[in-house]
Amino acid sequence: LLVGTSAANAASRGAIPHQWSNAVKESVGTAIDAKESPVWFTTGNGILNEIYYPRIDRAQVGDSQLIFVVPTTSGPAKFFEEKRSFKYELYYPTKPSKLGDLRIPRPIQKSIAGSGSERIAFTKEIVTDRDSPVVRIRYNFQTIPKGTKVFLLHKPAGENDGAGDSGEVVTENSGASLNRIRGMLAFENGYAQFVTASGEISHASIGIVGDTDGWQDIYKNRKMTLEIQENGPANIALTAELEAKSVIEIAIGFGRTTDEAIAAASNSTARKMTDLITSYDTAWNDYLQLRA
């Protein structure tokens with residue numbers, strides 16, 4: 001396993017500076033009246049493209065999406081990424097009121113790519129945990145080809161710049177699950193984030209964007225060939241191979257320390273996504289009904 005790559009060496013091989021996502025936002029979400037959850041998110045181009053913590057003017061994430069490598073009956077496997085490969089529709093849950101339906105600001109997205117035996121279709125829901133500074137994402141697959149590899153590509157942007165983040169792969173350090181991958185950390189200037197997912201995480205890597213990042217690796221090789229355990233400070237991207245299941249859930253927790261970020265995500269994933277959605281929607285419905 002690779003331990004790390006210096007930012008200076010990466011720059012000499014073509015690493016690129018941090019770039020923000022398109023400023024055109026398609027949705028924004030946050031839990032209403034939730035003091036324990038100072039976190040906001042936006043979406044655009046079909047992906048989660050910024051997360052803010054602990055204030056709306058403090059971006060900690062540039063973007064986060066899934067990448068798929070789909071086997072074919074002839075020729076090389078196909079590369080699909082949420083941002084460029086999928087067609088999608090975005091809508092919101094509604095609640096009736098005396099003035100008509102009220103729209104809850106919780107985006108639900110239906111996405112599709114490919115066709116025939118190579119078709120991928122899923123519904124994606126994003127919500128913030130009212131009790132923790134955590135963004136939860138659920139992918140519910142209607143179709144996913146057998147043998148498809150699924151990867152999470154996550155771009156931290158600690159403290160609004162994305163240029164000086166450090167990251168590391170977090171594994172179990174004792175017991176029967178020794179060395180099992182729990183998730184990935186990124187941290188800069190007193191702010192940390194921990195990214196984890198349901199099911200087994202078989203591989204994880206902290207790469208330099210434009211050099212050893214997961215997009216470059218997977219696009220070229222149709223699989224993860226790099227497993228860099230720690231990296232930075234630099235413009236980094238976190239990549240993990242996830243278990244290809246009919247439902248995949250991702251949690252992104254935040255804190256002022258790495259321990260706080262890990263605890264936030266762990267505490268949230270102990271609760272069902274359906275319960276978080278009900279709590280989120282109920283609070284927004286109560287707020288909107290008062291103003292209807």
# chains A, B, ... in the order shown; residues from 1 in each chain; ligands from 1
$ select_by_dssp --residues "region 114-169 of chain A" --states "strand (DSSP E)" --output "ChimeraX atom specification"
/A:120-128,134-143,149-156,165-169
$ select_by_dssp --residues "region 250-282 of chain A" --states "helix (DSSP H, G or I)" --output "list of chain:residue names"
A:Thr258, A:Asp259, A:Glu260, A:Ala261, A:Ile262, A:Ala263, A:Ala264, A:Ala265, A:Ser266, A:Asn267, A:Ser268, A:Thr269, A:Met273, A:Thr274, A:Asp275, A:Leu276, A:Ile277, A:Thr278, A:Ser279, A:Tyr280, A:Asp281, A:Thr282
$ write_last_selection --atoms "C-alpha atoms" --output "PDB file, in the first residue's frame"
ATOM      1  CA  THR A 258     -11.345  14.191  13.573  1.00  0.00           C
ATOM      2  CA  ASP A 259     -12.842  12.405  16.594  1.00  0.00           C
ATOM      3  CA  GLU A 260     -15.896  14.689  16.469  1.00  0.00           C
ATOM      4  CA  ALA A 261     -16.395  14.060  12.745  1.00  0.00           C
ATOM      5  CA  ILE A 262     -16.129  10.280  13.152  1.00  0.00           C
ATOM      6  CA  ALA A 263     -18.505  10.317  16.131  1.00  0.00           C
ATOM      7  CA  ALA A 264     -21.056  12.458  14.282  1.00  0.00           C
ATOM      8  CA  ALA A 265     -21.176  10.126  11.273  1.00  0.00           C
ATOM      9  CA  SER A 266     -21.186   6.991  13.458  1.00  0.00           C
ATOM     10  CA  ASN A 267     -24.020   8.267  15.650  1.00  0.00           C
ATOM     11  CA  SER A 268     -26.077   9.213  12.622  1.00  0.00           C
ATOM     12  CA  THR A 269     -25.640   5.888  10.820  1.00  0.00           C
ATOM     13  CA  MET A 273     -32.514   6.925   7.054  1.00  0.00           C
ATOM     14  CA  THR A 274     -36.313   6.677   7.005  1.00  0.00           C
ATOM     15  CA  ASP A 275     -36.461   8.074  10.555  1.00  0.00           C
ATOM     16  CA  LEU A 276     -34.189  10.989   9.614  1.00  0.00           C
ATOM     17  CA  ILE A 277     -36.350  11.776   6.585  1.00  0.00           C
ATOM     18  CA  THR A 278     -39.533  11.714   8.670  1.00  0.00           C
ATOM     19  CA  SER A 279     -38.003  14.054  11.263  1.00  0.00           C
ATOM     20  CA  TYR A 280     -36.651  16.415   8.591  1.00  0.00           C
ATOM     21  CA  ASP A 281     -39.926  16.550   6.653  1.00  0.00           C
ATOM     22  CA  THR A 282     -42.095  16.934   9.766  1.00  0.00           C
TER      23      THR A 282
END
$ closest_residue --among "A:Ile126, A:Ile120, A:Val170, A:Ala186" --to "Phe68 (chain A)" --atoms "only C-alpha atoms"
A:Ile120
$ closest_atom_pairs --of "region 205-264 of chain A" --to "region 42-61 of chain A" --cutoff "12 Å" --atoms "only C-alpha atoms" --output "JSON lines"
{"residue": "A:Asn235", "atom": "CA", "partner": "A:Val61", "partner_atom": "CA", "distance": 11.8}
{"residue": "A:Ile236", "atom": "CA", "partner": "A:Val61", "partner_atom": "CA", "distance": 11.2}
{"residue": "A:Ala237", "atom": "CA", "partner": "A:Val61", "partner_atom": "CA", "distance": 10.3}
{"residue": "A:Leu238", "atom": "CA", "partner": "A:Val61", "partner_atom": "CA", "distance": 11.2}
{"residue": "A:Ile250", "atom": "CA", "partner": "A:Leu48", "partner_atom": "CA", "distance": 11.8}
{"residue": "A:Ile252", "atom": "CA", "partner": "A:Ile51", "partner_atom": "CA", "distance": 9.5}
{"residue": "A:Gly253", "atom": "CA", "partner": "A:Tyr53", "partner_atom": "CA", "distance": 10.0}
{"residue": "A:Phe254", "atom": "CA", "partner": "A:Tyr53", "partner_atom": "CA", "distance": 7.4}
{"residue": "A:Gly255", "atom": "CA", "partner": "A:Pro54", "partner_atom": "CA", "distance": 8.5}
{"residue": "A:Arg256", "atom": "CA", "partner": "A:Pro54", "partner_atom": "CA", "distance": 9.2}
{"residue": "A:Ala261", "atom": "CA", "partner": "A:Tyr53", "partner_atom": "CA", "distance": 11.5}
$ write_last_selection --atoms "N, CA, C and O atoms" --output "CSV table (one decimal), in the first residue's frame"
chain,number,residue,atom,x,y,z
A,235,ASN,N,-4.4,19.5,-2.7
A,235,ASN,CA,-5.7,19.4,-3.3
A,235,ASN,C,-6.0,17.9,-3.4
A,235,ASN,O,-5.6,17.3,-4.4
A,236,ILE,N,-6.7,17.4,-2.5
A,236,ILE,CA,-6.9,15.9,-2.4
A,236,ILE,C,-8.3,15.5,-2.8
A,236,ILE,O,-9.2,16.3,-2.8
A,237,ALA,N,-8.5,14.2,-3.2
A,237,ALA,CA,-9.8,13.6,-3.4
A,237,ALA,C,-9.8,12.3,-2.7
A,237,ALA,O,-8.8,11.6,-2.7
A,238,LEU,N,-10.9,11.9,-2.1
A,238,LEU,CA,-11.1,10.7,-1.4
A,238,LEU,C,-11.9,9.7,-2.3
A,238,LEU,O,-12.9,10.1,-2.9
A,250,ILE,N,-24.7,6.7,2.2
A,250,ILE,CA,-23.4,7.4,2.5
A,250,ILE,C,-23.7,8.4,3.6
A,250,ILE,O,-24.7,9.1,3.6
A,252,ILE,N,-21.7,11.7,5.7
A,252,ILE,CA,-20.6,12.7,5.7
A,252,ILE,C,-20.8,13.5,7.0
A,252,ILE,O,-21.7,14.3,7.1
A,253,GLY,N,-19.9,13.2,8.0
A,253,GLY,CA,-20.0,13.9,9.3
A,253,GLY,C,-18.9,14.9,9.4
A,253,GLY,O,-17.8,14.8,8.9
A,254,PHE,N,-19.3,16.0,10.2
A,254,PHE,CA,-18.4,17.1,10.4
A,254,PHE,C,-18.1,17.4,11.9
A,254,PHE,O,-18.9,17.0,12.8
A,255,GLY,N,-17.0,18.0,12.1
A,255,GLY,CA,-16.6,18.4,13.5
A,255,GLY,C,-15.4,19.3,13.5
A,255,GLY,O,-14.7,19.5,12.5
A,256,ARG,N,-15.0,19.8,14.7
A,256,ARG,CA,-13.8,20.6,14.8
A,256,ARG,C,-12.6,19.7,14.9
A,256,ARG,O,-11.5,20.2,14.7
A,261,ALA,N,-15.8,14.4,14.1
A,261,ALA,CA,-16.4,14.1,12.7
A,261,ALA,C,-16.8,12.6,12.7
A,261,ALA,O,-17.8,12.2,12.2
$ closest_residue --among "A:Thr257, A:Ser27, A:Ser97, A:Ser198" --to "Arg136 (chain A)" --atoms "only C-alpha atoms"
A:Ser198
$ residues_around --residues "Ala113 (chain A)" --least-positions-apart "2" --cutoff "8 Å" --atoms "only C-alpha atoms" --output "MDAnalysis selection string"
chainID A and resid 80 85:87 111 115 119:121
$ closest_residue --among "A:Ile112, A:Ile248, A:Val24, A:Ala234" --to "Glu81 (chain A)" --atoms "only C-alpha atoms"
A:Ile112
$ residues_around --residues "Arg138 (chain A)" --least-positions-apart "4" --cutoff "6 Å" --atoms "only C-alpha atoms" --output "number ranges by chain"
A: 124-125, 248-249
$ write_last_selection --atoms "all heavy atoms" --output "CSV table (one decimal), in the first residue's frame"
chain,number,residue,atom,x,y,z
A,124,LYS,N,-32.1,9.0,-5.8
A,124,LYS,CA,-31.2,9.5,-4.8
A,124,LYS,C,-31.9,10.5,-3.9
A,124,LYS,O,-32.6,11.4,-4.4
A,124,LYS,CB,-30.0,10.1,-5.4
A,124,LYS,CG,-29.0,10.7,-4.4
A,124,LYS,CD,-27.7,11.2,-5.1
A,124,LYS,CE,-27.9,12.4,-6.0
A,124,LYS,NZ,-26.7,12.8,-6.6
A,125,GLU,N,-31.8,10.3,-2.6
A,125,GLU,CA,-32.4,11.2,-1.6
A,125,GLU,C,-31.2,11.7,-0.7
A,125,GLU,O,-30.3,11.0,-0.3
A,125,GLU,CB,-33.4,10.5,-0.7
A,125,GLU,CG,-34.6,10.0,-1.5
A,125,GLU,CD,-35.6,9.3,-0.6
A,125,GLU,OE1,-36.5,9.9,-0.1
A,125,GLU,OE2,-35.5,8.0,-0.5
A,248,ILE,N,-27.6,1.8,-1.3
A,248,ILE,CA,-26.3,2.3,-0.8
A,248,ILE,C,-26.5,3.6,-0.1
A,248,ILE,O,-27.1,4.5,-0.6
A,248,ILE,CB,-25.2,2.5,-1.9
A,248,ILE,CG1,-24.9,1.2,-2.6
A,248,ILE,CG2,-24.0,3.2,-1.4
A,248,ILE,CD1,-24.0,1.3,-3.8
A,249,GLU,N,-26.1,3.6,1.2
A,249,GLU,CA,-26.2,4.9,2.0
A,249,GLU,C,-24.8,5.4,2.3
A,249,GLU,O,-23.9,4.7,2.6
A,249,GLU,CB,-27.0,4.6,3.2
A,249,GLU,CG,-28.4,4.2,3.0
A,249,GLU,CD,-29.3,4.1,4.3
A,249,GLU,OE1,-28.7,4.4,5.3
A,249,GLU,OE2,-30.5,3.8,4.1
$ residues_around --residues "Asn189 (chain A)" --least-positions-apart "4" --cutoff "9 Å" --atoms "only C-alpha atoms" --output "JSON, numbers by chain"
{"A": [158, 159, 164, 165, 256]}
$ residues_around --residues "Lys146 (chain A)" --least-positions-apart "3" --cutoff "12 Å" --atoms "only C-alpha atoms" --output "list in words"
Phe68, Val69, Val70, Pro71, Thr72, Thr73, Ser117, Glu118, Arg119, Ile120, Thr143, Lys149, Val150, Ala244, Lys245 and Ser246 of chain A
$ closest_residue --among "A:Tyr139, A:His154, A:Asp101, A:Tyr92" --to "Trp215 (chain A)" --atoms "only C-alpha atoms"
A:His154
$ residues_around --residues "Asn179 (chain A)" --least-positions-apart "6" --cutoff "12 Å" --atoms "only C-alpha atoms" --output "PyMOL selection string"
chain A and resi 169-173+201-204+229
